[in-house]
>>> print(open('final_37.tsv').read())   # TSV, N, CA and C atoms
chain	number	residue	atom	x	y	z
A	182	MET	N	31.82	-5.82	-21.74
A	182	MET	CA	32.18	-4.42	-21.60
A	182	MET	C	32.82	-4.22	-20.23
A	183	SER	N	33.98	-3.65	-20.22
A	183	SER	CA	34.69	-3.42	-18.95
A	183	SER	C	34.25	-2.11	-18.31
A	184	HIS	N	34.63	-1.94	-17.07
A	184	HIS	CA	34.29	-0.68	-16.39
A	184	HIS	C	34.98	0.50	-17.08
A	185	GLN	N	36.14	0.26	-17.65
A	185	GLN	CA	36.83	1.33	-18.36
A	185	GLN	C	36.07	1.73	-19.62
A	186	ASP	N	35.44	0.78	-20.29
A	186	ASP	CA	34.62	1.09	-21.45
A	186	ASP	C	33.42	1.95	-21.06
A	187	VAL	N	32.83	1.64	-19.93
A	187	VAL	CA	31.68	2.40	-19.45
A	187	VAL	C	32.10	3.84	-19.12
A	188	ILE	N	33.20	3.99	-18.42
A	188	ILE	CA	33.68	5.32	-18.07
A	188	ILE	C	34.00	6.12	-19.32
A	189	GLN	N	34.67	5.49	-20.29
A	189	GLN	CA	35.00	6.19	-21.53
A	189	GLN	C	33.73	6.61	-22.26
A	190	SER	N	32.73	5.77	-22.28
A	190	SER	CA	31.47	6.09	-22.94
A	190	SER	C	30.79	7.28	-22.27
A	191	LEU	N	30.84	7.34	-20.96
A	191	LEU	CA	30.25	8.46	-20.24
A	191	LEU	C	31.04	9.75	-20.46
A	192	GLN	N	32.36	9.64	-20.49
A	192	GLN	CA	33.19	10.83	-20.70
A	192	GLN	C	32.96	11.44	-22.07
A	193	ILE	N	32.69	10.61	-23.07
A	193	ILE	CA	32.42	11.11	-24.41
A	193	ILE	C	31.18	11.99	-24.42
A	194	GLN	N	30.22	11.67	-23.54
A	194	GLN	CA	28.96	12.40	-23.50
A	194	GLN	C	28.99	13.59	-22.55
A	195	ALA	N	30.12	13.84	-21.90
A	195	ALA	CA	30.21	14.95	-20.94
A	195	ALA	C	29.92	16.28	-21.62
A	196	ASN	N	29.26	17.16	-20.88
A	196	ASN	CA	28.88	18.48	-21.40
A	196	ASN	C	29.14	19.51	-20.29
A	197	PRO	N	30.21	20.31	-20.43
A	197	PRO	CA	30.56	21.26	-19.36
A	197	PRO	C	29.45	22.25	-19.01
A	198	GLU	N	28.72	22.73	-19.99
A	198	GLU	CA	27.64	23.69	-19.71
A	198	GLU	C	26.52	23.04	-18.92
A	199	LYS	N	26.14	21.84	-19.30
A	199	LYS	CA	25.08	21.14	-18.59
A	199	LYS	C	25.54	20.76	-17.18
A	200	ALA	N	26.80	20.36	-17.04
A	200	ALA	CA	27.34	20.01	-15.72
A	200	ALA	C	27.27	21.20	-14.78
A	201	ALA	N	27.62	22.39	-15.28
A	201	ALA	CA	27.57	23.59	-14.45
A	201	ALA	C	26.13	23.90	-14.04
A	202	PHE	N	25.19	23.72	-14.95
A	202	PHE	CA	23.78	23.98	-14.64
A	202	PHE	C	23.26	23.03	-13.58
A	203	VAL	N	23.48	21.72	-13.77
A	203	VAL	CA	22.92	20.76	-12.81
A	203	VAL	C	23.61	20.86	-11.46
A	204	ALA	N	24.87	21.30	-11.43
A	204	ALA	CA	25.53	21.50	-10.14
A	204	ALA	C	24.82	22.58	-9.33
A	205	ARG	N	24.33	23.62	-10.01
A	205	ARG	CA	23.56	24.66	-9.31
A	205	ARG	C	22.16	24.15	-8.97
A	206	TYR	N	21.54	23.44	-9.89
A	206	TYR	CA	20.18	22.94	-9.68
A	206	TYR	C	20.12	22.00	-8.46
A	207	PHE	N	21.10	21.13	-8.34
A	207	PHE	CA	21.10	20.16	-7.24
A	207	PHE	C	21.80	20.68	-5.99
A	208	LYS	N	22.07	21.97	-5.95
A	208	LYS	CA	22.62	22.63	-4.76
A	208	LYS	C	23.83	21.89	-4.20
A	209	THR	N	24.95	22.00	-4.92
A	209	THR	CA	26.16	21.28	-4.56
A	209	THR	C	27.18	22.14	-3.81
A	210	GLY	N	26.76	23.32	-3.39
A	210	GLY	CA	27.68	24.20	-2.67
A	210	GLY	C	27.91	23.76	-1.24
A	211	PRO	N	28.87	24.38	-0.56
A	211	PRO	CA	29.17	24.04	0.84
A	211	PRO	C	27.93	24.20	1.73
A	212	GLY	N	27.64	23.17	2.51
A	212	GLY	CA	26.52	23.20	3.44
A	212	GLY	C	25.18	22.87	2.80
A	213	GLU	N	25.13	22.69	1.49
A	213	GLU	CA	23.88	22.36	0.82
A	213	GLU	C	23.72	20.85	0.73
A	214	TYR	N	22.51	20.38	0.43
A	214	TYR	CA	22.24	18.95	0.49
A	214	TYR	C	23.04	18.13	-0.51
A	215	GLY	N	23.49	18.73	-1.60
A	215	GLY	CA	24.27	18.01	-2.60
A	215	GLY	C	25.76	18.27	-2.51
A	216	GLU	N	26.20	18.81	-1.37
A	216	GLU	CA	27.63	19.11	-1.21
A	216	GLU	C	28.45	17.86	-1.51
A	217	ASN	N	29.50	18.01	-2.24
A	217	ASN	CA	30.42	16.94	-2.66
A	217	ASN	C	29.91	16.12	-3.84
A	218	ASP	N	28.71	16.37	-4.33
A	218	ASP	CA	28.27	15.71	-5.56
A	218	ASP	C	29.06	16.29	-6.71
A	219	ARG	N	29.44	15.47	-7.67
A	219	ARG	CA	30.24	15.92	-8.81
A	219	ARG	C	29.53	15.53	-10.10
A	220	PHE	N	29.57	16.40	-11.08
A	220	PHE	CA	29.02	16.15	-12.39
A	220	PHE	C	30.14	16.28	-13.41
A	221	TRP	N	30.22	15.35	-14.32
A	221	TRP	CA	31.30	15.38	-15.31
A	221	TRP	C	31.13	16.55	-16.25
A	222	ASP	N	32.21	17.28	-16.42
A	222	ASP	CA	32.19	18.37	-17.37
A	222	ASP	C	33.24	18.16	-18.44
>>> encode(input="final_37.tsv", output="structure tokens")
Amino acid sequence: MSHQDVIQSLQIQANPEKAAFVARYFKTGPGEYGENDRFWD
């Protein structure tokens, strides 16, 4: 399995609603501990 296969597999499972929720949960805003963390949507 190549790295591209892994990325494609993860992208298939992406969920925009869940990504938005966890971005708030993990405090990803400016100056917060998770700043610059990204979740696939």
>>> select_by_dssp(input="final_37.tsv", residues="chain A", states="alpha helix (DSSP H)", output="short mmCIF file (atom, residue, chain, number, x, y, z; two decimals) with N, CA and C atoms, keeping the file's coordinate frame")
data_model
loop_
_atom_site.label_atom_id
_atom_site.label_comp_id
_atom_site.auth_asym_id
_atom_site.auth_seq_id
_atom_site.Cartn_x
_atom_site.Cartn_y
_atom_site.Cartn_z
N HIS A 184 34.63 -1.94 -17.07
CA HIS A 184 34.29 -0.68 -16.39
C HIS A 184 34.98 0.50 -17.08
N GLN A 185 36.14 0.26 -17.65
CA GLN A 185 36.83 1.33 -18.36
C GLN A 185 36.07 1.73 -19.62
N ASP A 186 35.44 0.78 -20.29
CA ASP A 186 34.62 1.09 -21.45
C ASP A 186 33.42 1.95 -21.06
N VAL A 187 32.83 1.64 -19.93
CA VAL A 187 31.68 2.40 -19.45
C VAL A 187 32.10 3.84 -19.12
N ILE A 188 33.20 3.99 -18.42
CA ILE A 188 33.68 5.32 -18.07
C ILE A 188 34.00 6.12 -19.32
N GLN A 189 34.67 5.49 -20.29
CA GLN A 189 35.00 6.19 -21.53
C GLN A 189 33.73 6.61 -22.26
N SER A 190 32.73 5.77 -22.28
CA SER A 190 31.47 6.09 -22.94
C SER A 190 30.79 7.28 -22.27
N LEU A 191 30.84 7.34 -20.96
CA LEU A 191 30.25 8.46 -20.24
C LEU A 191 31.04 9.75 -20.46
N GLN A 192 32.36 9.64 -20.49
CA GLN A 192 33.19 10.83 -20.70
C GLN A 192 32.96 11.44 -22.07
N ILE A 193 32.69 10.61 -23.07
CA ILE A 193 32.42 11.11 -24.41
C ILE A 193 31.18 11.99 -24.42
N PRO A 197 30.21 20.31 -20.43
CA PRO A 197 30.56 21.26 -19.36
C PRO A 197 29.45 22.25 -19.01
N GLU A 198 28.72 22.73 -19.99
CA GLU A 198 27.64 23.69 -19.71
C GLU A 198 26.52 23.04 -18.92
N LYS A 199 26.14 21.84 -19.30
CA LYS A 199 25.08 21.14 -18.59
C LYS A 199 25.54 20.76 -17.18
N ALA A 200 26.80 20.36 -17.04
CA ALA A 200 27.34 20.01 -15.72
C ALA A 200 27.27 21.20 -14.78
N ALA A 201 27.62 22.39 -15.28
CA ALA A 201 27.57 23.59 -14.45
C ALA A 201 26.13 23.90 -14.04
N PHE A 202 25.19 23.72 -14.95
CA PHE A 202 23.78 23.98 -14.64
C PHE A 202 23.26 23.03 -13.58
N VAL A 203 23.48 21.72 -13.77
CA VAL A 203 22.92 20.76 -12.81
C VAL A 203 23.61 20.86 -11.46
N ALA A 204 24.87 21.30 -11.43
CA ALA A 204 25.53 21.50 -10.14
C ALA A 204 24.82 22.58 -9.33
N ARG A 205 24.33 23.62 -10.01
CA ARG A 205 23.56 24.66 -9.31
C ARG A 205 22.16 24.15 -8.97
N TYR A 206 21.54 23.44 -9.89
CA TYR A 206 20.18 22.94 -9.68
C TYR A 206 20.12 22.00 -8.46
#
>>> atom_distance(input="final_37.tsv", atom1="atom C of Pro211 in chain A", atom2="atom C of Pro197 in chain A")
20.9 Å
>>> residues_around(input="final_37.tsv", residues="Ala200 in chain A", least_positions_apart="4", cutoff="6.5 Å", atoms="all atoms listed in the file", output="PyMOL selection string")
chain A and resi 196+204-205+220-222
>>> write_last_selection(input="final_37.tsv", atoms="N, CA and C atoms", output="compact mmCIF listing (two decimals), in the coordinates of the input")
# COMPACT_ATOMS: atom_id res chain seq x y z
N ASN A 196 29.26 17.16 -20.88
CA ASN A 196 28.88 18.48 -21.40
C ASN A 196 29.14 19.51 -20.29
N ALA A 204 24.87 21.30 -11.43
CA ALA A 204 25.53 21.50 -10.14
C ALA A 204 24.82 22.58 -9.33
N ARG A 205 24.33 23.62 -10.01
CA ARG A 205 23.56 24.66 -9.31
C ARG A 205 22.16 24.15 -8.97
N PHE A 220 29.57 16.40 -11.08
CA PHE A 220 29.02 16.15 -12.39
C PHE A 220 30.14 16.28 -13.41
N TRP A 221 30.22 15.35 -14.32
CA TRP A 221 31.30 15.38 -15.31
C TRP A 221 31.13 16.55 -16.25
N ASP A 222 32.21 17.28 -16.42
CA ASP A 222 32.19 18.37 -17.37
C ASP A 222 33.24 18.16 -18.44
>>> atom_distance(input="final_37.tsv", atom1="CA of Asp218 in chain A", atom2="atom N of Ser183 in chain A")
24.9 Å
>>> axis_aligned_box(input="final_37.tsv", around="range 194-204 of chain A", padding_each_side="6 Å", output="lines of an AutoDock Vina configuration file")
center_x = 26.7
center_y = 17.8
center_z = -16.4
size_x = 19.6
size_y = 24.3
size_z = 26.2
